[in-house]
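Asker: What follows is target.txt, made up of compact mmCIF, C-alpha atoms:
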# COMPACT_ATOMS: atom_id res chain seq x y z
CA ASP A 24 112.47 85.56 50.49
CA ALA A 25 113.71 89.09 50.08
CA MET A 26 111.20 91.62 51.37
CA VAL A 27 113.08 94.83 50.54
CA ILE A 28 114.92 94.66 47.25
CA GLN A 29 117.41 97.15 45.95
CA ASN A 30 118.78 97.41 42.45
CA PRO A 31 121.46 97.54 41.42
CA ARG A 32 123.61 96.23 44.26
CA TYR A 33 126.64 98.04 42.85
CA GLN A 34 126.53 101.19 40.75
CA VAL A 35 129.44 102.99 39.18
CA THR A 36 128.86 106.41 37.71
CA GLN A 37 130.93 109.31 36.51
CA PHE A 38 131.22 112.63 38.23
CA GLY A 39 128.16 114.67 37.31
CA LYS A 40 126.31 111.86 35.52
CA PRO A 41 122.79 111.36 36.90
CA VAL A 42 122.03 108.05 38.52
CA THR A 43 118.86 106.40 39.80
CA LEU A 44 118.72 103.78 42.51
CA SER A 45 115.70 101.54 42.91
CA CYS A 46 113.96 100.01 45.90
CA SER A 47 110.92 97.76 46.04
CA GLN A 48 109.11 96.07 48.90
CA THR A 49 106.72 93.16 49.28
CA LEU A 50 105.65 94.09 52.80
CA ASN A 51 102.98 96.63 51.87
CA HIS A 52 104.47 99.02 54.41
CA ASN A 53 103.33 102.61 54.58
CA VAL A 54 106.74 104.16 55.07
CA MET A 55 109.80 103.95 52.86
CA TYR A 56 113.13 105.54 53.71
CA TRP A 57 116.40 106.34 51.98
CA TYR A 58 119.61 106.44 54.00
CA GLN A 59 123.16 107.27 53.03
CA GLN A 60 125.90 105.44 54.89
CA LYS A 61 129.58 106.21 54.55
CA SER A 62 132.36 104.05 55.88
CA SER A 63 132.44 103.73 59.68
CA GLN A 64 129.45 106.03 60.08
CA ALA A 65 125.85 105.44 61.06
CA PRO A 66 123.16 105.55 58.39
CA LYS A 67 122.06 109.12 57.69
CA LEU A 68 118.42 109.63 56.77
CA LEU A 69 117.96 111.53 53.52
CA PHE A 70 114.15 111.46 53.30
CA HIS A 71 111.13 109.27 53.77
CA TYR A 72 107.67 108.80 52.34
CA TYR A 73 104.64 108.16 54.51
CA ASP A 74 102.34 106.84 51.80
CA LYS A 75 102.57 109.62 49.23
CA ASP A 76 103.67 112.29 51.69
CA PHE A 77 107.29 113.21 51.09
CA ASN A 78 109.42 114.25 54.07
CA ASN A 79 112.83 115.73 53.39
CA GLU A 80 115.50 116.00 56.05
CA ALA A 81 116.63 119.60 56.48
CA ASP A 82 120.24 118.87 55.62
CA THR A 83 119.63 116.67 52.57
CA PRO A 84 121.26 118.35 49.56
CA ASP A 85 119.06 119.39 46.64
CA ASN A 86 121.14 117.07 44.51
CA PHE A 87 119.14 114.19 45.98
CA GLN A 88 115.56 113.65 44.89
CA SER A 89 113.10 110.84 45.40
CA ARG A 90 109.98 109.43 43.80
CA ARG A 91 107.43 106.96 45.06
CA PRO A 92 105.10 106.10 42.19
CA ASN A 93 103.22 103.45 44.19
CA THR A 94 103.30 101.63 47.53
CA SER A 95 105.86 99.09 46.40
CA PHE A 96 108.50 101.21 44.70
CA CYS A 97 110.69 104.10 45.68
CA PHE A 98 113.54 105.67 43.72
CA LEU A 99 116.51 107.78 44.68
CA ASP A 100 117.76 110.16 42.01
CA ILE A 101 121.16 111.77 42.33
CA ARG A 102 121.15 114.54 39.78
CA SER A 103 124.85 115.38 39.64
CA PRO A 104 126.90 112.93 41.72
CA GLY A 105 130.04 114.26 43.28
CA LEU A 106 132.94 112.32 44.73
CA GLY A 107 131.51 112.94 48.18
CA ASP A 108 128.33 111.07 47.26
CA ALA A 109 130.14 107.75 47.04
CA ALA A 110 128.52 105.68 49.76
CA MET A 111 126.19 102.81 50.52
CA TYR A 112 122.56 103.79 49.95
CA LEU A 113 120.10 101.88 52.08
CA CYS A 114 116.38 101.64 51.53
CA ALA A 115 114.18 100.69 54.46
CA THR A 116 110.49 100.27 55.17
CA SER A 117 108.27 100.28 58.21
CA ARG A 118 104.55 99.97 58.88
CA GLY A 119 104.36 103.48 60.29
CA VAL A 120 102.11 102.76 63.27
CA GLY A 121 104.64 103.38 66.02
CA GLY A 122 105.51 101.33 69.07
CA PRO A 123 108.25 98.78 69.76
CA ALA A 124 106.84 96.29 67.29
CA ASP A 125 107.10 98.75 64.40
CA THR A 126 110.63 98.18 63.24
CA GLN A 127 112.49 99.01 60.07
CA TYR A 128 113.33 96.45 57.44
CA PHE A 129 116.38 97.22 55.35
CA GLY A 130 117.29 96.26 51.85
CA PRO A 131 120.82 95.00 51.12
CA GLY A 132 121.92 98.43 49.90
CA THR A 133 123.39 99.83 46.74
CA ARG A 134 127.07 100.68 46.85
CA LEU A 135 127.68 103.75 44.71
CA THR A 136 131.10 104.54 43.30
CA VAL A 137 131.71 107.91 41.64
CA LEU A 138 134.65 108.15 39.26
CA ARG B 29 124.70 117.23 71.57
CA LYS B 30 123.78 114.33 69.29
CA GLU B 31 120.25 113.00 69.55
CA VAL B 32 121.47 109.46 70.19
CA GLU B 33 124.88 108.72 71.67
CA GLN B 34 126.63 105.41 72.24
CA ASP B 35 129.81 104.11 73.81
CA PRO B 36 132.56 105.00 71.36
CA GLY B 37 134.17 101.57 71.24
CA PRO B 38 135.62 99.47 69.80
CA PHE B 39 135.12 96.69 72.29
CA ASN B 40 137.54 93.77 72.00
CA VAL B 41 136.50 90.88 74.21
CA PRO B 42 137.40 87.18 74.46
CA GLU B 43 134.91 84.49 73.61
CA GLY B 44 132.61 83.77 76.51
CA ALA B 45 132.85 87.26 77.96
CA THR B 46 129.90 89.39 78.96
CA VAL B 47 129.77 92.80 77.34
CA ALA B 48 127.44 95.75 77.89
CA PHE B 49 126.65 98.61 75.53
CA ASN B 50 125.15 101.90 76.61
CA CYS B 51 123.06 104.39 74.70
CA THR B 52 121.54 107.72 75.68
CA TYR B 53 118.98 109.81 73.84
CA SER B 54 118.14 113.47 74.16
CA ASN B 55 114.49 113.66 73.13
CA SER B 56 112.31 112.79 76.10
CA ALA B 57 109.33 112.37 73.76
CA SER B 58 110.95 109.40 72.04
CA GLN B 59 108.48 106.59 71.66
CA SER B 60 110.27 103.36 70.92
CA PHE B 61 113.74 101.94 70.99
CA PHE B 62 115.70 99.27 69.19
CA TRP B 63 119.05 97.59 68.89
CA TYR B 64 120.26 96.71 65.41
CA ARG B 65 123.42 94.91 64.43
CA GLN B 66 125.32 95.63 61.27
CA ASP B 67 127.99 93.39 59.81
CA CYS B 68 130.72 94.88 57.68
CA ARG B 69 129.36 96.05 54.30
CA LYS B 70 125.89 94.66 55.07
CA GLU B 71 122.60 96.27 55.94
CA PRO B 72 121.47 96.81 59.55
CA LYS B 73 119.33 94.00 60.93
CA LEU B 74 117.04 94.17 63.91
CA LEU B 75 118.50 92.51 66.97
CA MET B 76 115.70 93.36 69.35
CA SER B 77 113.14 95.95 70.26
CA VAL B 78 113.48 97.41 73.74
CA TYR B 79 110.40 97.27 75.94
CA SER B 80 109.78 99.41 78.99
CA SER B 81 109.96 96.43 81.31
CA GLY B 82 113.17 95.18 79.78
CA ASN B 83 113.37 92.08 77.63
CA GLU B 84 115.59 89.14 77.01
CA ASP B 85 116.23 87.03 73.94
CA GLY B 86 118.62 84.19 74.60
CA ARG B 87 122.01 85.66 75.43
CA PHE B 88 120.83 89.22 74.81
CA THR B 89 119.14 91.46 77.36
CA ALA B 90 117.90 94.98 76.70
CA GLN B 91 116.92 97.53 79.29
CA LEU B 92 115.22 100.91 79.05
CA ASN B 93 115.30 103.68 81.64
CA ARG B 94 112.99 106.45 80.47
CA ALA B 95 113.73 108.70 83.43
CA SER B 96 117.44 108.70 82.62
CA GLN B 97 116.86 108.43 78.85
CA TYR B 98 119.16 105.47 78.73
CA ILE B 99 119.12 102.14 76.91
CA SER B 100 121.45 99.22 77.41
CA LEU B 101 122.28 95.95 75.70
CA LEU B 102 123.94 93.08 77.52
CA ILE B 103 125.47 90.17 75.63
CA ARG B 104 126.36 87.12 77.68
CA ASP B 105 128.69 84.31 76.65
CA SER B 106 129.97 86.19 73.60
CA LYS B 107 130.47 84.21 70.39
CA LEU B 108 132.79 84.97 67.50
CA SER B 109 129.67 85.52 65.40
CA ASP B 110 128.62 88.40 67.66
CA SER B 111 131.38 90.53 66.13
CA ALA B 112 129.58 93.42 64.46
CA THR B 113 128.63 97.04 64.96
CA TYR B 114 125.69 97.53 67.31
CA LEU B 115 123.41 100.45 66.53
CA CYS B 116 121.07 102.03 69.03
CA VAL B 117 117.97 103.37 67.29
CA VAL B 118 115.34 105.66 68.73
CA ASN B 119 111.99 106.42 67.16
CA LYS B 120 110.66 109.84 68.11
CA GLY B 121 107.67 109.82 65.79
CA ASN B 122 104.13 109.16 66.86
CA TYR B 123 103.52 107.16 63.70
CA GLY B 124 106.76 105.27 63.68
CA GLN B 125 108.50 107.27 61.02
CA ASN B 126 111.30 109.16 62.77
CA PHE B 127 114.05 106.66 63.42
CA VAL B 128 117.30 108.20 64.65
CA PHE B 129 120.47 106.11 64.64
CA GLY B 130 123.28 106.31 67.11
CA PRO B 131 126.84 106.21 65.77
CA GLY B 132 127.23 102.54 66.64
CA THR B 133 129.65 100.59 68.80
CA ARG B 134 131.93 98.08 67.18
CA LEU B 135 132.40 94.73 68.93
CA SER B 136 135.13 92.25 68.13
CA VAL B 137 134.96 88.90 69.89
CA LEU B 138 138.37 87.28 69.88
CA PRO B 139 139.15 83.53 70.01
Would you mind writing the file's structure down as structure tokens?
Answerer:
Amino acid sequence: DAMVIQNPRYQVTQFGKPVTLSCSQTLNHNVMYWYQQKSSQAPKLLFHYYDKDFNNEADTPDNFQSRRPNTSFCFLDIRSPGLGDAAMYLCATSRGVGGPADTQYFGPGTRLTVL
Amino acid sequence: RKEVEQDPGPFNVPEGATVAFNCTYSNSASQSFFWYRQDCRKEPKLLMSVYSSGNEDGRFTAQLNRASQYISLLIRDSKLSDSATYLCVVNKGNYGQNFVFGPGTRLSVLP
């Protein structure tokens, strides 16, 4: 059974047209993350929520915003997608207690194409 | 210097070979360590956590050397299905929220 669900799996948008990606979890984890992954590169953390506390990475562009209305859901908003934003967007969760047993669980990703 | 560095790869090995991956991290305060594997166009999946005393899971052995800030992964008797990118991940947060990914090492196991 899927524990971290992302919708849609594939998203096509036009240059400059806002898009929202969705993530939900059934694990009741405290932490939810959004990563951007481009071809042949490691996932790059955009931001994460620890409960309701939002933590932005210093180099995440302002074009990317996030919302976490409740424990289960987290959204990634791209306000004005550019061609360089085409990538796989991965949502992940973790319990947030630290230690080697506290691992991340990833969703299947949303592949974003910008035309 | 990147926070987490890995062997650049790719590694092309025959079936049955033993292959070792290396990873170094720069933040001595890092708390926990992991190896993930990622298949092409799929999400990363946990392969194993790395414990201070080292740990083994079947054909896979992970080692941690805190003094040298070094992590390794050994795969014995490689299978075709082991072909993937292996990501070293370091968590530098006290509450498990600061996961840093290495660039990954690609492995191709050849028949």
Asker: At most 9 Å is the cut-off: for each residue in chain A with any atom that close to an atom of chain B, write down the nearest atom pair and the distance in Å rounded to one decimal, counting all atoms listed in the file, chain first then increasing number, as JSON lines.
Answerer:
{"residue": "A:Val54", "atom": "CA", "partner": "B:Gln125", "partner_atom": "CA", "distance": 6.9}
{"residue": "A:Met55", "atom": "CA", "partner": "B:Gln125", "partner_atom": "CA", "distance": 8.9}
{"residue": "A:Tyr56", "atom": "CA", "partner": "B:Gln125", "partner_atom": "CA", "distance": 8.8}
{"residue": "A:Ser62", "atom": "CA", "partner": "B:Arg69", "partner_atom": "CA", "distance": 8.7}
{"residue": "A:Ser63", "atom": "CA", "partner": "B:Pro131", "partner_atom": "CA", "distance": 8.6}
{"residue": "A:Gln64", "atom": "CA", "partner": "B:Pro131", "partner_atom": "CA", "distance": 6.3}
{"residue": "A:Ala65", "atom": "CA", "partner": "B:Pro131", "partner_atom": "CA", "distance": 4.9}
{"residue": "A:Pro66", "atom": "CA", "partner": "B:Phe129", "partner_atom": "CA", "distance": 6.8}
{"residue": "A:Lys67", "atom": "CA", "partner": "B:Phe129", "partner_atom": "CA", "distance": 7.7}
{"residue": "A:Leu68", "atom": "CA", "partner": "B:Val128", "partner_atom": "CA", "distance": 8.1}
{"residue": "A:His71", "atom": "CA", "partner": "B:Gln125", "partner_atom": "CA", "distance": 8.0}
{"residue": "A:Tyr72", "atom": "CA", "partner": "B:Gln125", "partner_atom": "CA", "distance": 8.9}
{"residue": "A:Tyr73", "atom": "CA", "partner": "B:Gln125", "partner_atom": "CA", "distance": 7.6}
{"residue": "A:Met111", "atom": "CA", "partner": "B:Arg69", "partner_atom": "CA", "distance": 8.4}
{"residue": "A:Leu113", "atom": "CA", "partner": "B:Glu71", "partner_atom": "CA", "distance": 7.3}
{"residue": "A:Ser117", "atom": "CA", "partner": "B:Gln125", "partner_atom": "CA", "distance": 7.5}
{"residue": "A:Arg118", "atom": "CA", "partner": "B:Gly124", "partner_atom": "CA", "distance": 7.5}
{"residue": "A:Gly119", "atom": "CA", "partner": "B:Gly124", "partner_atom": "CA", "distance": 4.5}
{"residue": "A:Val120", "atom": "CA", "partner": "B:Tyr123", "partner_atom": "CA", "distance": 4.6}
{"residue": "A:Gly121", "atom": "CA", "partner": "B:Gly124", "partner_atom": "CA", "distance": 3.7}
{"residue": "A:Gly122", "atom": "CA", "partner": "B:Ser60", "partner_atom": "CA", "distance": 5.5}
{"residue": "A:Pro123", "atom": "CA", "partner": "B:Ser60", "partner_atom": "CA", "distance": 5.1}
{"residue": "A:Ala124", "atom": "CA", "partner": "B:Ser77", "partner_atom": "CA", "distance": 7.0}
{"residue": "A:Asp125", "atom": "CA", "partner": "B:Gly124", "partner_atom": "CA", "distance": 6.6}
{"residue": "A:Thr126", "atom": "CA", "partner": "B:Leu74", "partner_atom": "CA", "distance": 7.6}
{"residue": "A:Gln127", "atom": "CA", "partner": "B:Leu74", "partner_atom": "CA", "distance": 7.7}
{"residue": "A:Tyr128", "atom": "CA", "partner": "B:Lys73", "partner_atom": "CA", "distance": 7.4}
{"residue": "A:Phe129", "atom": "CA", "partner": "B:Glu71", "partner_atom": "CA", "distance": 6.3}
{"residue": "A:Gly130", "atom": "CA", "partner": "B:Glu71", "partner_atom": "CA", "distance": 6.7}
{"residue": "A:Pro131", "atom": "CA", "partner": "B:Glu71", "partner_atom": "CA", "distance": 5.3}
{"residue": "A:Gly132", "atom": "CA", "partner": "B:Glu71", "partner_atom": "CA", "distance": 6.5}
Asker: Find the residue from B:Arg94, B:Pro42, B:Pro36, B:Arg87 that sits nearest to Ser56 in chain B; use all atoms listed in the file when measuring.
Answerer: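 Selected residue with least distance to Ser56 in chain B: B:Arg94.
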Asker: Could you name the residues that touch range 88-102 of chain A at 9 Å or less, counting all atoms listed in the file, but leaving out those on the same chain fewer than 5 positions away, as a list in words?
Answerer: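 Using all atoms listed in the file, the neighbours found are Gly39, Lys40, Pro41, Val42, Thr43, Leu44, Ser45, Cys46, Ser47, Gln48, Thr49, Leu50, Asn51, His52, Asn53, Val54, Met55, Tyr56, Trp57, Phe70, His71, Tyr72, Asp74, Lys75, Phe77, Asp108, Tyr112 and Cys114 of chain A.
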Asker: In terms of the shortest atom-to-atom distance over all atoms listed in the file, which of B:Tyr53, B:Trp63, B:Ser106, B:Tyr114 is closest to Pro139 in chain B?
Answerer: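 Among the listed residues, B:Ser106 lies closest to Pro139 in chain B.
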Asker: Suppose you want the space between CA of Tyr58 in chain A and CA of Arg134 in chain A; what is it in Å?
Answerer: 11.8 Å
Asker: State, in Å with one decimal place, the distance from CA of Ser136 in chain B to CA of Asp110 in chain B.
Answerer: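 According to the coordinates, CA of Ser136 in chain B and CA of Asp110 in chain B are separated by 7.6 Å.
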Asker: Kindly give the distance, in Å, that separates CA of Thr136 in chain A and CA of Val27 in chain A, rounded to a single decimal.
Answerer: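 About the pair CA of Thr136 in chain A and CA of Val27 in chain A: they are 21.7 Å apart.
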Asker: Write out as a compact mmCIF listing (two decimals) with C-alpha atoms, keeping the file's coordinate frame the residues lying within 7 Å of Thr83 in chain A, counting all atoms listed in the file and excluding same-chain residues fewer than 3 positions away.
Answerer:
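Saved result, part39.txt, follows:
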# COMPACT_ATOMS: atom_id res chain seq x y z
CA LEU A 69 117.96 111.53 53.52
CA ASN A 79 112.83 115.73 53.39
CA GLU A 80 115.50 116.00 56.05
Asker: Show me the residues around (125.1, 112.1, 70.2) - criterion: an atom at most 10 Å away, only C-alpha atoms counted - as a list in words.
Answerer: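 In the file's frame, the residues around the point are Arg29, Lys30, Glu31, Val32, Glu33, Gln34, Asp35, Cys51, Thr52, Tyr53, Ser54, Phe129, Gly130 and Pro131 of chain B.
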Asker: Could you take the residues named above and write them with C-alpha atoms, as a PDB file, in the coordinates of the input?
Answerer:
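The resulting file, out_26.pdb, is reproduced below:
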ATOM      1  CA  ARG B  29     124.700 117.230  71.570  1.00  0.00           C
ATOM      2  CA  LYS B  30     123.780 114.330  69.290  1.00  0.00           C
ATOM      3  CA  GLU B  31     120.250 113.000  69.550  1.00  0.00           C
ATOM      4  CA  VAL B  32     121.470 109.460  70.190  1.00  0.00           C
ATOM      5  CA  GLU B  33     124.880 108.720  71.670  1.00  0.00           C
ATOM      6  CA  GLN B  34     126.630 105.410  72.240  1.00  0.00           C
ATOM      7  CA  ASP B  35     129.810 104.110  73.810  1.00  0.00           C
ATOM      8  CA  CYS B  51     123.060 104.390  74.700  1.00  0.00           C
ATOM      9  CA  THR B  52     121.540 107.720  75.680  1.00  0.00           C
ATOM     10  CA  TYR B  53     118.980 109.810  73.840  1.00  0.00           C
ATOM     11  CA  SER B  54     118.140 113.470  74.160  1.00  0.00           C
ATOM     12  CA  PHE B 129     120.470 106.110  64.640  1.00  0.00           C
ATOM     13  CA  GLY B 130     123.280 106.310  67.110  1.00  0.00           C
ATOM     14  CA  PRO B 131     126.840 106.210  65.770  1.00  0.00           C
TER      15      PRO B 131
END
Asker: Identify the residues around (128.6, 88.0, 62.9) within a radius of 9 Å, measuring from all atoms listed in the file in the coordinates stated by the file, and give them as a list in words.
Answerer: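 Protein and nucleic acid residues near the point are Arg65, Gln66, Asp67, Cys68, Lys107, Leu108, Ser109, Asp110, Ser111 and Ala112 of chain B.
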Asker: Please produce a file of those selected residues containing C-alpha atoms, as a JSON list (two decimals), in the frame of the given file.
Answerer:
[["chain", "number", "residue", "atom", "x", "y", "z"],
["B", 65, "ARG", "CA", 123.42, 94.91, 64.43],
["B", 66, "GLN", "CA", 125.32, 95.63, 61.27],
["B", 67, "ASP", "CA", 127.99, 93.39, 59.81],
["B", 68, "CYS", "CA", 130.72, 94.88, 57.68],
["B", 107, "LYS", "CA", 130.47, 84.21, 70.39],
["B", 108, "LEU", "CA", 132.79, 84.97, 67.50],
["B", 109, "SER", "CA", 129.67, 85.52, 65.40],
["B", 110, "ASP", "CA", 128.62, 88.40, 67.66],
["B", 111, "SER", "CA", 131.38, 90.53, 66.13],
["B", 112, "ALA", "CA", 129.58, 93.42, 64.46]]
